[in-house]
$ cat model21.txt   # compact mmCIF, C-alpha atoms
# COMPACT_ATOMS: atom_id res chain seq x y z
CA MET A 244 -5.53 -2.20 -22.14
CA PRO A 245 -2.64 -3.17 -19.82
CA ARG A 246 -0.56 -6.19 -20.73
CA ARG A 247 -1.15 -9.44 -18.87
CA THR A 248 2.33 -9.45 -17.32
CA THR A 249 1.93 -5.89 -16.07
CA ALA A 250 -1.56 -6.58 -14.74
CA ARG A 251 -0.40 -9.62 -12.82
CA THR A 252 2.60 -7.80 -11.38
CA VAL A 253 0.34 -5.03 -10.09
CA ALA A 254 -2.08 -7.55 -8.63
CA TRP A 255 0.41 -9.81 -6.86
CA THR A 256 2.61 -7.02 -5.48
CA GLY A 257 -0.50 -5.23 -4.28
CA LEU A 258 -1.83 -8.33 -2.53
CA ALA A 259 1.59 -9.01 -0.97
CA TYR A 260 1.83 -5.45 0.35
CA VAL A 261 -1.61 -5.58 1.96
CA ILE A 262 -0.90 -8.94 3.62
CA LEU A 263 2.52 -7.85 4.90
CA PHE A 264 1.30 -4.49 6.23
CA ILE A 265 -1.72 -5.92 8.04
CA THR A 266 0.33 -8.79 9.50
CA ALA A 267 3.01 -6.36 10.66
CA GLY A 268 0.43 -4.12 12.30
CA THR A 269 -1.20 -7.08 14.04
CA ILE A 270 1.89 -8.69 15.57
CA GLY A 271 4.19 -5.65 15.77
CA PRO A 272 4.78 -3.53 18.90
CA ALA A 273 2.73 -0.59 17.61
CA ASN A 274 -0.46 -2.59 18.11
CA GLN A 275 -0.41 -2.10 21.90
CA MET A 276 1.60 1.09 22.38
CA PRO A 277 0.12 4.27 23.85
CA GLY A 278 -1.14 6.75 21.28
CA LEU A 279 -0.42 10.38 20.57
CA ARG A 280 -3.00 11.51 23.13
CA ASP A 281 -1.24 9.67 25.96
CA SER A 282 1.35 11.41 28.11
CA PRO A 283 5.10 10.94 27.57
CA GLN A 284 5.27 9.25 30.97
CA ALA A 285 2.65 6.71 29.91
CA THR A 286 4.67 5.97 26.78
CA ALA A 287 7.88 5.60 28.77
CA ASN A 288 6.19 3.38 31.36
CA TYR A 289 4.93 1.11 28.62
CA LEU A 290 8.35 0.87 26.96
CA HIS A 291 10.03 0.15 30.29
CA SER A 292 7.56 -2.52 31.38
CA HIS A 293 6.99 -4.28 28.05
CA THR A 294 10.07 -5.81 26.52
CA THR A 295 9.75 -6.13 22.76
CA THR A 296 9.35 -9.82 21.93
CA GLY A 297 10.79 -11.73 19.01
CA LEU A 298 7.34 -11.94 17.44
CA GLN A 299 6.96 -8.17 17.66
CA TRP A 300 10.36 -7.63 16.05
CA THR A 301 9.23 -9.97 13.30
CA GLY A 302 6.30 -7.62 12.75
CA VAL A 303 8.69 -4.66 12.50
CA TYR A 304 10.81 -6.37 9.87
CA LEU A 305 7.72 -7.48 7.96
CA GLU A 306 6.76 -3.80 7.78
CA VAL A 307 10.16 -3.01 6.24
CA ILE A 308 9.70 -5.76 3.66
CA GLY A 309 6.16 -4.54 3.03
CA LEU A 310 7.43 -1.05 2.23
CA LEU A 311 9.89 -2.49 -0.28
CA VAL A 312 7.06 -4.46 -1.86
CA LEU A 313 5.03 -1.23 -1.91
CA ALA A 314 7.74 0.39 -4.01
CA ALA A 315 7.51 -2.50 -6.47
CA PHE A 316 3.71 -2.18 -6.55
CA VAL A 317 3.91 1.56 -7.25
CA VAL A 318 6.32 1.06 -10.14
CA ALA A 319 4.15 -1.71 -11.60
CA LEU A 320 1.05 0.46 -11.22
CA TRP A 321 2.85 3.34 -12.98
CA ARG A 322 3.75 1.04 -15.85
CA MET A 323 0.16 -0.14 -16.18
CA LEU A 324 -1.15 3.42 -16.17
CA ARG A 325 1.54 4.45 -18.64
CA GLU A 326 0.55 1.68 -21.04
CA THR A 327 -2.96 3.08 -21.22
CA ASP A 328 -2.09 6.80 -21.03
CA ARG A 329 1.20 7.26 -22.88
CA ASP A 330 0.88 11.00 -23.47
CA GLY A 331 -0.41 12.08 -20.06
CA PHE A 332 1.54 13.21 -17.00
CA LEU A 333 -0.75 11.66 -14.39
CA PRO A 334 0.96 8.24 -14.39
CA GLY A 335 4.14 10.04 -13.36
CA VAL A 336 2.26 11.88 -10.62
CA ALA A 337 1.00 8.55 -9.25
CA LEU A 338 4.56 7.16 -9.34
CA ALA A 339 5.94 10.17 -7.49
CA GLY A 340 3.25 10.03 -4.81
CA GLY A 341 3.77 6.33 -4.13
CA LEU A 342 7.57 6.43 -4.00
CA ILE A 343 7.64 9.57 -1.83
CA GLY A 344 5.23 7.91 0.61
CA ALA A 345 7.31 4.73 0.85
CA THR A 346 10.47 6.82 1.36
CA ILE A 347 8.92 8.91 4.14
CA LYS A 348 7.75 5.82 6.03
CA LEU A 349 11.06 4.01 5.65
CA ALA A 350 12.93 7.11 6.82
CA SER A 351 10.78 7.32 9.96
CA LEU A 352 11.47 3.77 11.13
CA PRO A 353 14.93 4.49 12.67
CA ALA A 354 13.24 6.80 15.19
CA ALA A 355 10.92 3.98 16.28
CA PHE A 356 13.82 1.52 16.35
CA ALA A 357 15.77 3.87 18.62
CA ALA A 358 12.84 4.20 21.01
CA LEU A 359 12.48 0.41 21.23
CA TYR A 360 16.19 -0.36 21.54
CA ARG A 361 16.94 2.43 24.05
CA ALA A 362 13.71 2.32 26.02
CA HIS A 363 15.53 1.90 29.35
CA ASP A 364 18.14 4.56 28.66
CA ILE A 365 16.19 7.60 27.45
CA SER A 366 13.87 10.10 29.10
CA PRO A 367 10.06 9.87 28.79
CA GLY A 368 9.96 13.00 26.65
CA LEU A 369 12.54 11.67 24.20
CA ALA A 370 10.85 8.26 24.00
CA ALA A 371 7.51 9.87 23.21
CA ALA A 372 9.10 12.24 20.68
CA LEU A 373 10.77 9.38 18.80
CA LEU A 374 7.52 7.47 18.53
CA ASP A 375 5.64 10.64 17.59
CA ILE A 376 8.07 11.14 14.69
CA ASN A 377 7.12 7.71 13.40
CA SER A 378 3.40 8.47 13.80
CA ALA A 379 3.66 11.88 12.16
CA ALA A 380 5.51 10.36 9.22
CA PHE A 381 2.69 7.86 8.78
CA VAL A 382 0.21 10.72 8.72
CA SER A 383 2.33 12.50 6.10
CA THR A 384 1.98 9.48 3.84
CA TRP A 385 -1.79 10.04 3.73
CA ALA A 386 -1.06 13.06 1.54
CA THR A 387 1.23 11.07 -0.76
CA TRP A 388 -1.33 8.26 -0.97
CA ALA A 389 -3.92 10.87 -1.91
CA LEU A 390 -1.62 11.99 -4.72
CA LEU A 391 -1.20 8.43 -5.96
CA LEU A 392 -4.88 7.51 -5.73
CA GLY A 393 -6.13 10.78 -7.20
CA ALA A 394 -3.83 10.49 -10.22
CA ALA A 395 -4.51 6.77 -10.71
CA GLY A 396 -8.26 7.31 -10.41
CA ALA A 397 -8.18 10.08 -13.01
CA VAL A 398 -6.25 7.88 -15.46
CA ILE A 399 -8.69 5.00 -14.95
CA LEU A 400 -11.63 7.29 -15.69
CA ARG A 401 -9.90 8.72 -18.78
CA THR A 402 -8.76 5.44 -20.29
CA ASN A 403 -11.05 2.74 -18.86
CA ALA A 404 -7.95 0.74 -17.94
CA LEU A 405 -10.12 -0.73 -15.17
CA PRO A 406 -13.84 -0.55 -14.42
CA ARG A 407 -14.73 3.07 -13.78
CA VAL A 408 -15.93 2.30 -10.26
CA HIS A 409 -12.27 1.80 -9.29
CA GLY A 410 -11.47 5.29 -10.54
CA TYR A 411 -14.28 6.95 -8.62
CA PHE A 412 -13.39 4.96 -5.50
CA ALA A 413 -9.73 6.00 -5.72
CA ILE A 414 -10.60 9.70 -5.98
CA ALA A 415 -13.05 9.44 -3.07
CA ILE A 416 -10.37 7.83 -0.89
CA ALA A 417 -7.88 10.53 -1.90
CA VAL A 418 -10.27 13.25 -0.73
CA GLY A 419 -10.94 11.35 2.49
CA LEU A 420 -7.23 10.96 3.23
CA LEU A 421 -6.59 14.67 2.83
CA ALA A 422 -9.57 15.48 5.05
CA SER A 423 -8.28 13.07 7.74
CA ILE A 424 -4.87 14.69 8.18
CA PRO A 425 -6.02 17.35 10.71
CA SER A 426 -7.36 14.57 12.98
CA PHE A 427 -4.06 12.70 13.26
CA THR A 428 -3.89 13.21 17.03
CA SER A 429 -6.88 10.91 17.48
CA ALA A 430 -7.09 7.20 16.78
CA ASP A 431 -6.09 6.25 13.26
CA PRO A 432 -9.07 7.09 11.03
CA PRO A 433 -10.53 4.27 8.94
CA THR A 434 -9.86 6.22 5.74
CA PHE A 435 -6.36 4.79 5.33
CA MET A 436 -7.71 1.26 5.56
CA LEU A 437 -9.76 2.00 2.45
CA THR A 438 -6.51 2.11 0.47
CA PHE A 439 -6.17 -1.61 1.20
CA VAL A 440 -9.71 -2.20 -0.02
CA TRP A 441 -8.89 -0.37 -3.26
CA ILE A 442 -5.69 -2.36 -3.80
CA LEU A 443 -7.53 -5.62 -3.18
CA ALA A 444 -10.33 -4.59 -5.54
CA ILE A 445 -8.05 -3.68 -8.45
CA SER A 446 -5.90 -6.78 -7.85
CA VAL A 447 -8.89 -9.09 -8.13
CA SER A 448 -10.13 -7.20 -11.19
CA LEU A 449 -6.74 -7.40 -12.91
CA LEU A 450 -6.32 -11.12 -12.19
CA ARG A 451 -9.77 -11.84 -13.57
CA ARG A 452 -9.01 -9.92 -16.74
CA ALA A 453 -5.68 -11.71 -17.16
CA ASP A 454 -7.36 -15.11 -16.74
CA ALA A 455 -10.10 -14.13 -19.17
CA LYS A 456 -7.52 -13.14 -21.79
CA GLU A 457 -5.73 -16.46 -21.35
CA MET A 458 -8.99 -18.33 -21.91
CA VAL A 459 -9.64 -16.34 -25.09
CA HIS A 460 -6.13 -17.00 -26.41
CA ALA A 461 -6.40 -20.71 -25.54
CA ARG A 462 -9.67 -21.00 -27.44
CA ALA A 463 -8.23 -19.11 -30.42
CA ALA A 464 -5.21 -21.41 -30.51
CA SER A 465 -7.31 -24.57 -30.36
CA ALA A 466 -9.75 -23.44 -33.05
CA PRO A 467 -7.45 -24.05 -36.08
CA SER A 468 -6.61 -27.57 -34.94
CA GLU A 469 -10.30 -28.36 -34.53
CA ILE A 470 -10.95 -27.13 -38.07
CA VAL A 471 -8.15 -29.33 -39.44
CA THR A 472 -9.46 -32.38 -37.58
CA ARG A 473 -12.96 -31.91 -38.92
CA ALA A 474 -11.68 -31.39 -42.47
CA ALA A 475 -9.67 -34.60 -42.28
$ encode --input "model21.txt" --output "C-alpha cells"
Amino acid sequence: MPRRTTARTVAWTGLAYVILFITAGTIGPANQMPGLRDSPQATANYLHSHTTTGLQWTGVYLEVIGLLVLAAFVVALWRMLRETDRDGFLPGVALAGGLIGATIKLASLPAAFAALYRAHDISPGLAAALLDINSAAFVSTWATWALLLGAAGAVILRTNALPRVHGYFAIAIAVGLLASIPSFTSADPPTFMLTFVWILAISVSLLRRADAKEMVHARAASAPSEIVTRAA
C-alpha cells in the first residue's frame, strides 16, 4: 500500500494540475482561436483583429504553471507505483511517459508565444504554422499520456494499489488516446478529457484512503488510554 504522504502528494498535485489546465484553457487565447481546419488567412485575420488581453495571458501563464505541477504529479505517481511494485519496470515507464509529455508541451509553447507576440508582423502562413506546431505537440502528448496511463493501469491491476476499476479505466483511456491521434485535424476529441476524470478519480480515492488510515491510527492511539482509565 502507498504511504499516506505519497498518496496525498499524488492527490493534491493531480487536483492542482486539473484545475490549472482547465482554467488556462477556459480563459486563455486558444479557447477562441481558429482550428487546424481553418485557413492560414483566417488564423492571421483572427490574430490581427483580436489583441491578446491580460486575462488571456494569465491563462497562458497558468498553463505553464500547470505543466510544472504536472511534472510534480508524475514524479509523485511514480513514487506511489514504485512503493507497491519495487521489482517491476512499469513504474519507470509511467514516469518516462509523463515527463516526456510535459517536456513536449512546454517546448511547444514558444511557437505559440511567437505567434501571439508577432501577430502583426508575420505572414498568414507563418502564423498558422506556429500555432499548428503547438497543436501538433499537444497531439503528440496523447501518445505519452497513453504510455503513462497504460503502465500505471497495469501496476494498479498487478498490485491493487488502488481499486482495480482505476486500472481498467486507465488502460481503456490509453487505448482511446492512441486511437484518437489520426483524427487530430478535427476538433479535440473528448478522449483526452478522460485523463482529467481519471486523475480526479484516483485523487479522491487516495484522499479517502489517507483519511481512513488516520482514523484507524487515531483510534488505535486512544485505545490504550481508555483501557488505563477503566482500570483506574
$ atom_distance --input "model21.txt" --atom1 "atom CA of Thr387 of chain A" --atom2 "atom CA of Phe439 of chain A"
14.8 Å
$ residues_around --input "model21.txt" --residues "segment 293-302 of chain A" --least-positions-apart "6" --cutoff "7 Å" --atoms "all atoms listed in the file" --output "list in words"
Thr266, Ala267, Gly268, Ile270, Gly271 and Pro272 of chain A
$ residues_around --input "model21.txt" --residues "Ile347 of chain A" --least-positions-apart "4" --cutoff "7 Å" --atoms "all atoms listed in the file" --output "list of chain:residue names"
A:Ile343, A:Ser351, A:Ala380, A:Thr384
$ closest_residue --input "model21.txt" --among "A:Met323, A:Leu338, A:Val307, A:Ala273" --to "Leu391 of chain A" --atoms "only C-alpha atoms"
A:Leu338
$ residues_around --input "model21.txt" --residues "His409 of chain A" --least-positions-apart "2" --cutoff "9 Å" --atoms "all atoms listed in the file" --output "number ranges by chain"
A: 396, 399-400, 405-407, 411-414, 441, 444-445
$ write_last_selection --input "model21.txt" --atoms "C-alpha atoms" --output "compact mmCIF listing (two decimals), keeping the file's coordinate frame"
# COMPACT_ATOMS: atom_id res chain seq x y z
CA GLY A 396 -8.26 7.31 -10.41
CA ILE A 399 -8.69 5.00 -14.95
CA LEU A 400 -11.63 7.29 -15.69
CA LEU A 405 -10.12 -0.73 -15.17
CA PRO A 406 -13.84 -0.55 -14.42
CA ARG A 407 -14.73 3.07 -13.78
CA TYR A 411 -14.28 6.95 -8.62
CA PHE A 412 -13.39 4.96 -5.50
CA ALA A 413 -9.73 6.00 -5.72
CA ILE A 414 -10.60 9.70 -5.98
CA TRP A 441 -8.89 -0.37 -3.26
CA ALA A 444 -10.33 -4.59 -5.54
CA ILE A 445 -8.05 -3.68 -8.45
$ residues_around --input "model21.txt" --residues "Gly331 of chain A" --least-positions-apart "6" --cutoff "12 Å" --atoms "only C-alpha atoms" --output "PyMOL selection string"
chain A and resi 321+324-325+337+394-395+397-398+401-402
$ axis_aligned_box --input "model21.txt" --around "segment 284-293 of chain A" --padding-each-side "4 Å" --output "JSON"
{"center_x": 6.3, "center_y": 2.5, "center_z": 29.1, "size_x": 15.4, "size_y": 21.5, "size_z": 12.6}
$ closest_residue --input "model21.txt" --among "A:Gly344, A:Gly257, A:Gly393, A:Gly419" --to "Leu320 of chain A" --atoms "all atoms listed in the file"
A:Gly257
$ closest_residue --input "model21.txt" --among "A:Val318, A:Ala358, A:Ile424, A:Ala371" --to "Ala345 of chain A" --atoms "only C-alpha atoms"
A:Val318
$ residues_around --input "model21.txt" --residues "Ile262 of chain A" --least-positions-apart "4" --cutoff "12 Å" --atoms "all atoms listed in the file" --output "PyMOL selection string"
chain A and resi 255-258+266-269+302+305-306+308-310+312-313+439-440+442-443
